[in-house]
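In what follows, a single structure is set out as structure tokens and then discussed.
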Amino acid sequence: MPKPVDPVALTADLVRCPSVTPVEGGALVLLQALLSDAGFDCTRVDRGGVANLFARWGTRGANRSFGFNGHTDVVPVGDAAAWTHDPFGAEIVDGWMYGRGTTDMKSGVAAFVAAAIDFVRDTPPDGAVILTITGDEEGASVDGTVALLDWMATQGERMTHCLVGEPTCPNDMGEMMKIGRRGSMTAFVTATGVQGHSAYPHRAKNPMSALVKLLAKLEEKPLDAGSAHFDASTLAITTIDCGNPANNVIPARGTATVNIRFNDLHSGDSLSRWVQDCAQTVQHESGVQFDVRLSISGESFLTPPGDFSAMVARAVQAETGRVPVTSTSGGTSDARFVKNHCPVVEFGLVGKTMHQVDERVQVDQIGQLKTIYSRILQDYFA
């Protein structure tokens with residue numbers, strides 16, 4: 001009888017693939033070969049220079065199709081000299097595996113791939129198991145999971161439910177699962193006035209003063225106090241600049257960037273109108289011209305607690321002894337795209353070291369995550 005797929009060895013193999021967004025690095029090639037050998041129907045769905053992999057075991061259009069979603073791309077290493085261990089070495093020291101992507105999220109991908117292969121081999125389900133794996137989650141995310149879902153729509157492929165394997169636990173394995181995410185919007189603001197001598201400010205029109213007034217107006221009061229399933233929305237000023245090297249010149253132009261993370265009391269459109277209205281008000285008061293460019297990378301969404309989230313929670317509790325808190329905290333993930341396709345929840349490892357120097361994962365938790373995913377598959381098709 002074939003041996004079970006070792007998720008630790010698979011994680012190490014994936015970490016050794018230098019798949020910094022948008023470079024494929026060999027990670028999806030490795031997974032396609034492994035899944036094809038296990039009887040999965042695999043298709044590369046590449047778009048816009050981004051590599052993606054679709055894999056299905058079972059028949060297309062099955063009444064029940066459980067899906068896993070994840071990514072093999074990773075953020076840059078940064079200063080390699082600051083790492084204690086090779087960022088792409090997957091070295092194991094004192095029970096920890098070190099390397100870029102060990103936490104976010106090659107271990108999660110390895111765990112659900114291993115669980116899926118063993119499950120369909122040992123207990124072939126009445127339905128389909130679908131894996132959608134992208135190389136563009138850490139980048140613009142335009143040609144990653146979105147491309148996979150677009151392709152699935154044209155091919156008649158469908159998941160009835162999906163679990164995204166992103167790290168979800170703040171400190172301890174099993175403590176948290178995600179049933180939604182806040183939306184994210186960025187405003188890129190340019191203020192244009194009239195350059196002049198700082199000793200004669202009445203002859204100039206200072207864009208920086210107007211810009212500061214606009215930013216103060218945006219920060220004037222909280223956006224909300226939170227909602228039933230979401231914390232309060234937040235607004236953060238992330239950059240202010242005018243590129244002015246002189247202390248006696250009022251610049252002609254200044255820029256600022258503002259990021260808003262918003263809950264289900266708002267939409268990208270409603271917040272866009274609010275930011276534009278505030279800019280128009282300050283423009284009218286100051287005479288400084290404002291140009292506001294808005295980018296909405298995702299709307300807030302919620303998968304209401306129900307049978308699906310309860311099933312995932314039971315599996316987590318059975319393997320960890322913890323009942324995971326249902327949360328909508330954190331940044332965005334590709335679940336924001338999957339939610340338009342089917343109900344989606346997220347559960348994965350402890351994410352404390354993701355994107356950091358010496359990113360690492362506890363080796364025993366990789367196997368534990370595979371066991372949780374295996375139990376979810378067994379319960380889903382029971």
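Please note that chains go A, B, ... in the order of the structure tokens, that every chain numbers its residues from 1, and that ligands are numbered from 1 in the order shown.
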Residues near A:Ser198, cut-off 6 Å, only C-alpha atoms, skip fewer than 5 positions along chain, as JSON, numbers by chain: {"A": [248, 249, 250]}
Would you mind writing down, as a list in words, each residue of stretch 301-366 of chain A that DSSP on the backbone assigns to alpha helix (DSSP H)?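 In stretch 301-366 of chain A, DSSP puts these residues in alpha helix (DSSP H): Asp307, Phe308, Ser309, Ala310, Met311, Val312, Ala313, Arg314, Ala315, Val316, Gln317, Ala318, Glu319, Thr320, Ala335, Arg336, Phe337, Val338, Val363, Asp364, Gln365 and Ile366 of chain A.
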All strand (DSSP E or B) residues (DSSP, backbone) inside stretch 145-187 of chain A, as a JSON list (two decimals) with all heavy atoms, in the first residue's frame:
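Output (out28.json):
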```json
[["chain", "number", "residue", "atom", "x", "y", "z"],
["A", 161, "HIS", "N", -18.07, 24.20, -1.68],
["A", 161, "HIS", "CA", -17.53, 24.89, -0.52],
["A", 161, "HIS", "C", -16.01, 24.93, -0.67],
["A", 161, "HIS", "O", -15.42, 24.08, -1.35],
["A", 161, "HIS", "CB", -17.87, 24.20, 0.80],
["A", 161, "HIS", "CG", -19.33, 24.24, 1.15],
["A", 161, "HIS", "ND1", -20.24, 23.34, 0.63],
["A", 161, "HIS", "CD2", -20.04, 25.07, 1.95],
["A", 161, "HIS", "CE1", -21.45, 23.62, 1.09],
["A", 161, "HIS", "NE2", -21.35, 24.66, 1.90],
["A", 162, "CYS", "N", -15.38, 25.92, -0.02],
["A", 162, "CYS", "CA", -13.93, 26.05, -0.16],
["A", 162, "CYS", "C", -13.30, 26.46, 1.16],
["A", 162, "CYS", "O", -13.85, 27.27, 1.91],
["A", 162, "CYS", "CB", -13.58, 27.09, -1.23],
["A", 162, "CYS", "SG", -11.80, 27.28, -1.54],
["A", 163, "LEU", "N", -12.13, 25.90, 1.43],
["A", 163, "LEU", "CA", -11.33, 26.28, 2.58],
["A", 163, "LEU", "C", -10.01, 26.87, 2.08],
["A", 163, "LEU", "O", -9.31, 26.23, 1.29],
["A", 163, "LEU", "CB", -11.06, 25.08, 3.49],
["A", 163, "LEU", "CG", -10.41, 25.39, 4.84],
["A", 163, "LEU", "CD1", -10.89, 24.41, 5.90],
["A", 163, "LEU", "CD2", -8.89, 25.35, 4.76],
["A", 164, "VAL", "N", -9.70, 28.07, 2.51],
["A", 164, "VAL", "CA", -8.43, 28.72, 2.18],
["A", 164, "VAL", "C", -7.47, 28.43, 3.32],
["A", 164, "VAL", "O", -7.78, 28.65, 4.50],
["A", 164, "VAL", "CB", -8.62, 30.24, 1.99],
["A", 164, "VAL", "CG1", -7.27, 30.92, 1.75],
["A", 164, "VAL", "CG2", -9.57, 30.51, 0.83],
["A", 169, "CYS", "N", -4.10, 31.57, 12.86],
["A", 169, "CYS", "CA", -3.99, 31.53, 14.32],
["A", 169, "CYS", "C", -2.93, 32.53, 14.80],
["A", 169, "CYS", "O", -1.77, 32.45, 14.37],
["A", 169, "CYS", "CB", -3.64, 30.12, 14.78],
["A", 169, "CYS", "SG", -4.85, 28.88, 14.27],
["A", 176, "MET", "N", -8.06, 30.14, 16.08],
["A", 176, "MET", "CA", -8.88, 31.08, 15.30],
["A", 176, "MET", "C", -9.09, 30.57, 13.87],
["A", 176, "MET", "O", -8.19, 29.99, 13.26],
["A", 176, "MET", "CB", -8.21, 32.46, 15.24],
["A", 176, "MET", "CG", -9.01, 33.53, 14.52],
["A", 176, "MET", "SD", -8.18, 35.16, 14.55],
["A", 176, "MET", "CE", -8.39, 35.59, 16.28],
["A", 177, "MET", "N", -10.28, 30.80, 13.35],
["A", 177, "MET", "CA", -10.59, 30.60, 11.94],
["A", 177, "MET", "C", -11.24, 31.88, 11.42],
["A", 177, "MET", "O", -11.77, 32.68, 12.20],
["A", 177, "MET", "CB", -11.53, 29.40, 11.74],
["A", 177, "MET", "CG", -12.85, 29.52, 12.46],
["A", 177, "MET", "SD", -13.86, 28.02, 12.37],
["A", 177, "MET", "CE", -14.41, 28.09, 10.67],
["A", 178, "LYS", "N", -11.16, 32.09, 10.14],
["A", 178, "LYS", "CA", -11.71, 33.31, 9.54],
["A", 178, "LYS", "C", -13.00, 32.97, 8.79],
["A", 178, "LYS", "O", -13.02, 32.04, 7.97],
["A", 178, "LYS", "CB", -10.72, 33.94, 8.56],
["A", 178, "LYS", "CG", -9.34, 34.19, 9.13],
["A", 178, "LYS", "CD", -9.27, 35.43, 9.96],
["A", 178, "LYS", "CE", -7.82, 35.70, 10.38],
["A", 178, "LYS", "NZ", -7.65, 36.95, 11.10],
["A", 180, "GLY", "N", -14.66, 35.69, 7.37],
["A", 180, "GLY", "CA", -14.83, 36.89, 6.55],
["A", 180, "GLY", "C", -13.58, 37.75, 6.68],
["A", 180, "GLY", "O", -12.66, 37.44, 7.45],
["A", 181, "ARG", "N", -13.55, 38.81, 5.92],
["A", 181, "ARG", "CA", -12.42, 39.75, 5.97],
["A", 181, "ARG", "C", -12.93, 41.16, 5.76],
["A", 181, "ARG", "O", -13.96, 41.38, 5.10],
["A", 181, "ARG", "CB", -11.42, 39.42, 4.85],
["A", 181, "ARG", "CG", -10.70, 38.10, 5.00],
["A", 181, "ARG", "CD", -9.51, 38.19, 5.90],
["A", 181, "ARG", "NE", -8.72, 36.96, 5.91],
["A", 181, "ARG", "CZ", -7.49, 36.86, 6.34],
["A", 181, "ARG", "NH1", -6.87, 37.92, 6.81],
["A", 181, "ARG", "NH2", -6.84, 35.70, 6.32],
["A", 183, "GLY", "N", -12.75, 44.88, 4.07],
["A", 183, "GLY", "CA", -12.36, 45.40, 2.77],
["A", 183, "GLY", "C", -11.15, 46.30, 2.90],
["A", 183, "GLY", "O", -10.79, 46.74, 4.00],
["A", 184, "SER", "N", -10.51, 46.57, 1.77],
["A", 184, "SER", "CA", -9.33, 47.44, 1.77],
["A", 184, "SER", "C", -9.41, 48.42, 0.62],
["A", 184, "SER", "O", -9.65, 48.02, -0.53],
["A", 184, "SER", "CB", -8.05, 46.61, 1.65],
["A", 184, "SER", "OG", -6.90, 47.44, 1.61],
["A", 185, "MET", "N", -9.20, 49.70, 0.93],
["A", 185, "MET", "CA", -9.20, 50.74, -0.08],
["A", 185, "MET", "C", -8.03, 51.67, 0.17],
["A", 185, "MET", "O", -7.75, 52.04, 1.31],
["A", 185, "MET", "CB", -10.50, 51.54, -0.05],
["A", 185, "MET", "CG", -10.61, 52.58, -1.16],
["A", 185, "MET", "SD", -12.10, 53.59, -1.02],
["A", 185, "MET", "CE", -11.51, 54.86, 0.10],
["A", 186, "THR", "N", -7.33, 52.05, -0.89],
["A", 186, "THR", "CA", -6.23, 52.99, -0.78],
["A", 186, "THR", "C", -6.54, 54.24, -1.60],
["A", 186, "THR", "O", -6.97, 54.13, -2.75],
["A", 186, "THR", "CB", -4.91, 52.37, -1.26],
["A", 186, "THR", "OG1", -4.63, 51.21, -0.48],
["A", 186, "THR", "CG2", -3.76, 53.35, -1.10],
["A", 187, "ALA", "N", -6.33, 55.40, -0.98],
["A", 187, "ALA", "CA", -6.51, 56.67, -1.67],
["A", 187, "ALA", "C", -5.15, 57.31, -1.90],
["A", 187, "ALA", "O", -4.39, 57.53, -0.94],
["A", 187, "ALA", "CB", -7.40, 57.60, -0.85]]
```
How many Å separate atom CA of A:Ala228 from atom CA of A:Gly268?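 Going from atom CA of A:Ala228 over to atom CA of A:Gly268, I get 19.3 Å.
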Two-atom distance - atom CA of A:Val113, atom CA of A:Arg375 (Å):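 Spanning atom CA of A:Val113 to atom CA of A:Arg375 is a straight-line distance of 13.6 Å.
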May I have the residues within 12 Å of A:Thr123 as a PyMOL selection string, using only C-alpha atoms and disregarding those fewer than 6 positions away in the same chain? chain A and resi 115-117+374-375+377-379+381-382
Save the residues we just selected, all heavy atoms, as a PDB file, in the first residue's frame?
```
ATOM      1  N   ALA A 115      -3.289  15.860   2.381  1.00  0.00           N
ATOM      2  CA  ALA A 115      -4.572  15.362   2.878  1.00  0.00           C
ATOM      3  C   ALA A 115      -5.470  14.917   1.734  1.00  0.00           C
ATOM      4  O   ALA A 115      -6.130  13.862   1.802  1.00  0.00           O
ATOM      5  CB  ALA A 115      -5.262  16.442   3.710  1.00  0.00           C
ATOM      6  N   ALA A 116      -5.505  15.702   0.666  1.00  0.00           N
ATOM      7  CA  ALA A 116      -6.376  15.384  -0.472  1.00  0.00           C
ATOM      8  C   ALA A 116      -5.932  14.102  -1.158  1.00  0.00           C
ATOM      9  O   ALA A 116      -6.766  13.243  -1.505  1.00  0.00           O
ATOM     10  CB  ALA A 116      -6.374  16.553  -1.452  1.00  0.00           C
ATOM     11  N   ILE A 117      -4.636  13.942  -1.390  1.00  0.00           N
ATOM     12  CA  ILE A 117      -4.139  12.743  -2.074  1.00  0.00           C
ATOM     13  C   ILE A 117      -4.434  11.489  -1.262  1.00  0.00           C
ATOM     14  O   ILE A 117      -4.947  10.490  -1.787  1.00  0.00           O
ATOM     15  CB  ILE A 117      -2.623  12.876  -2.341  1.00  0.00           C
ATOM     16  CG1 ILE A 117      -2.363  13.928  -3.425  1.00  0.00           C
ATOM     17  CG2 ILE A 117      -2.039  11.525  -2.762  1.00  0.00           C
ATOM     18  CD1 ILE A 117      -0.888  14.236  -3.655  1.00  0.00           C
ATOM     19  N   SER A 374      -7.634  16.462   6.728  1.00  0.00           N
ATOM     20  CA  SER A 374      -8.139  15.116   6.430  1.00  0.00           C
ATOM     21  C   SER A 374      -9.474  14.879   7.107  1.00  0.00           C
ATOM     22  O   SER A 374     -10.411  14.322   6.511  1.00  0.00           O
ATOM     23  CB  SER A 374      -7.122  14.057   6.889  1.00  0.00           C
ATOM     24  OG  SER A 374      -5.902  14.176   6.194  1.00  0.00           O
ATOM     25  N   ARG A 375      -9.586  15.303   8.345  1.00  0.00           N
ATOM     26  CA  ARG A 375     -10.844  15.123   9.079  1.00  0.00           C
ATOM     27  C   ARG A 375     -11.962  15.951   8.427  1.00  0.00           C
ATOM     28  O   ARG A 375     -13.112  15.508   8.351  1.00  0.00           O
ATOM     29  CB  ARG A 375     -10.660  15.518  10.547  1.00  0.00           C
ATOM     30  CG  ARG A 375     -11.909  15.305  11.397  1.00  0.00           C
ATOM     31  CD  ARG A 375     -11.655  15.712  12.838  1.00  0.00           C
ATOM     32  NE  ARG A 375     -10.822  14.759  13.537  1.00  0.00           N
ATOM     33  CZ  ARG A 375     -11.287  13.690  14.190  1.00  0.00           C
ATOM     34  NH1 ARG A 375     -12.592  13.432  14.195  1.00  0.00           N
ATOM     35  NH2 ARG A 375     -10.471  12.893  14.834  1.00  0.00           N
ATOM     36  N   LEU A 377     -12.247  16.724   5.267  1.00  0.00           N
ATOM     37  CA  LEU A 377     -12.670  16.003   4.065  1.00  0.00           C
ATOM     38  C   LEU A 377     -13.552  14.794   4.429  1.00  0.00           C
ATOM     39  O   LEU A 377     -14.593  14.562   3.784  1.00  0.00           O
ATOM     40  CB  LEU A 377     -11.446  15.533   3.293  1.00  0.00           C
ATOM     41  CG  LEU A 377     -10.696  16.605   2.485  1.00  0.00           C
ATOM     42  CD1 LEU A 377      -9.352  16.077   2.014  1.00  0.00           C
ATOM     43  CD2 LEU A 377     -11.528  17.080   1.313  1.00  0.00           C
ATOM     44  N   GLN A 378     -13.155  14.067   5.433  1.00  0.00           N
ATOM     45  CA  GLN A 378     -13.939  12.890   5.848  1.00  0.00           C
ATOM     46  C   GLN A 378     -15.337  13.314   6.305  1.00  0.00           C
ATOM     47  O   GLN A 378     -16.347  12.696   5.922  1.00  0.00           O
ATOM     48  CB  GLN A 378     -13.208  12.152   6.972  1.00  0.00           C
ATOM     49  CG  GLN A 378     -11.930  11.481   6.537  1.00  0.00           C
ATOM     50  CD  GLN A 378     -11.020  11.139   7.697  1.00  0.00           C
ATOM     51  OE1 GLN A 378     -11.400  11.259   8.863  1.00  0.00           O
ATOM     52  NE2 GLN A 378      -9.793  10.731   7.395  1.00  0.00           N
ATOM     53  N   ASP A 379     -15.417  14.365   7.110  1.00  0.00           N
ATOM     54  CA  ASP A 379     -16.715  14.812   7.614  1.00  0.00           C
ATOM     55  C   ASP A 379     -17.574  15.398   6.504  1.00  0.00           C
ATOM     56  O   ASP A 379     -18.797  15.223   6.496  1.00  0.00           O
ATOM     57  CB  ASP A 379     -16.512  15.866   8.714  1.00  0.00           C
ATOM     58  CG  ASP A 379     -15.888  15.276   9.985  1.00  0.00           C
ATOM     59  OD1 ASP A 379     -15.810  14.043  10.084  1.00  0.00           O
ATOM     60  OD2 ASP A 379     -15.464  16.057  10.848  1.00  0.00           O
ATOM     61  N   PHE A 381     -17.682  14.614   3.312  1.00  0.00           N
ATOM     62  CA  PHE A 381     -18.228  13.606   2.409  1.00  0.00           C
ATOM     63  C   PHE A 381     -18.875  12.426   3.141  1.00  0.00           C
ATOM     64  O   PHE A 381     -19.270  11.450   2.513  1.00  0.00           O
ATOM     65  CB  PHE A 381     -17.124  13.086   1.478  1.00  0.00           C
ATOM     66  CG  PHE A 381     -16.690  14.091   0.439  1.00  0.00           C
ATOM     67  CD1 PHE A 381     -15.494  14.775   0.588  1.00  0.00           C
ATOM     68  CD2 PHE A 381     -17.487  14.326  -0.666  1.00  0.00           C
ATOM     69  CE1 PHE A 381     -15.086  15.710  -0.368  1.00  0.00           C
ATOM     70  CE2 PHE A 381     -17.084  15.248  -1.638  1.00  0.00           C
ATOM     71  CZ  PHE A 381     -15.893  15.947  -1.487  1.00  0.00           C
ATOM     72  N   ALA A 382     -18.966  12.522   4.465  1.00  0.00           N
ATOM     73  CA  ALA A 382     -19.550  11.418   5.245  1.00  0.00           C
ATOM     74  C   ALA A 382     -21.009  11.211   4.862  1.00  0.00           C
ATOM     75  O   ALA A 382     -21.746  12.170   4.639  1.00  0.00           O
ATOM     76  CB  ALA A 382     -19.443  11.716   6.733  1.00  0.00           C
TER      77      ALA A 382
END
```
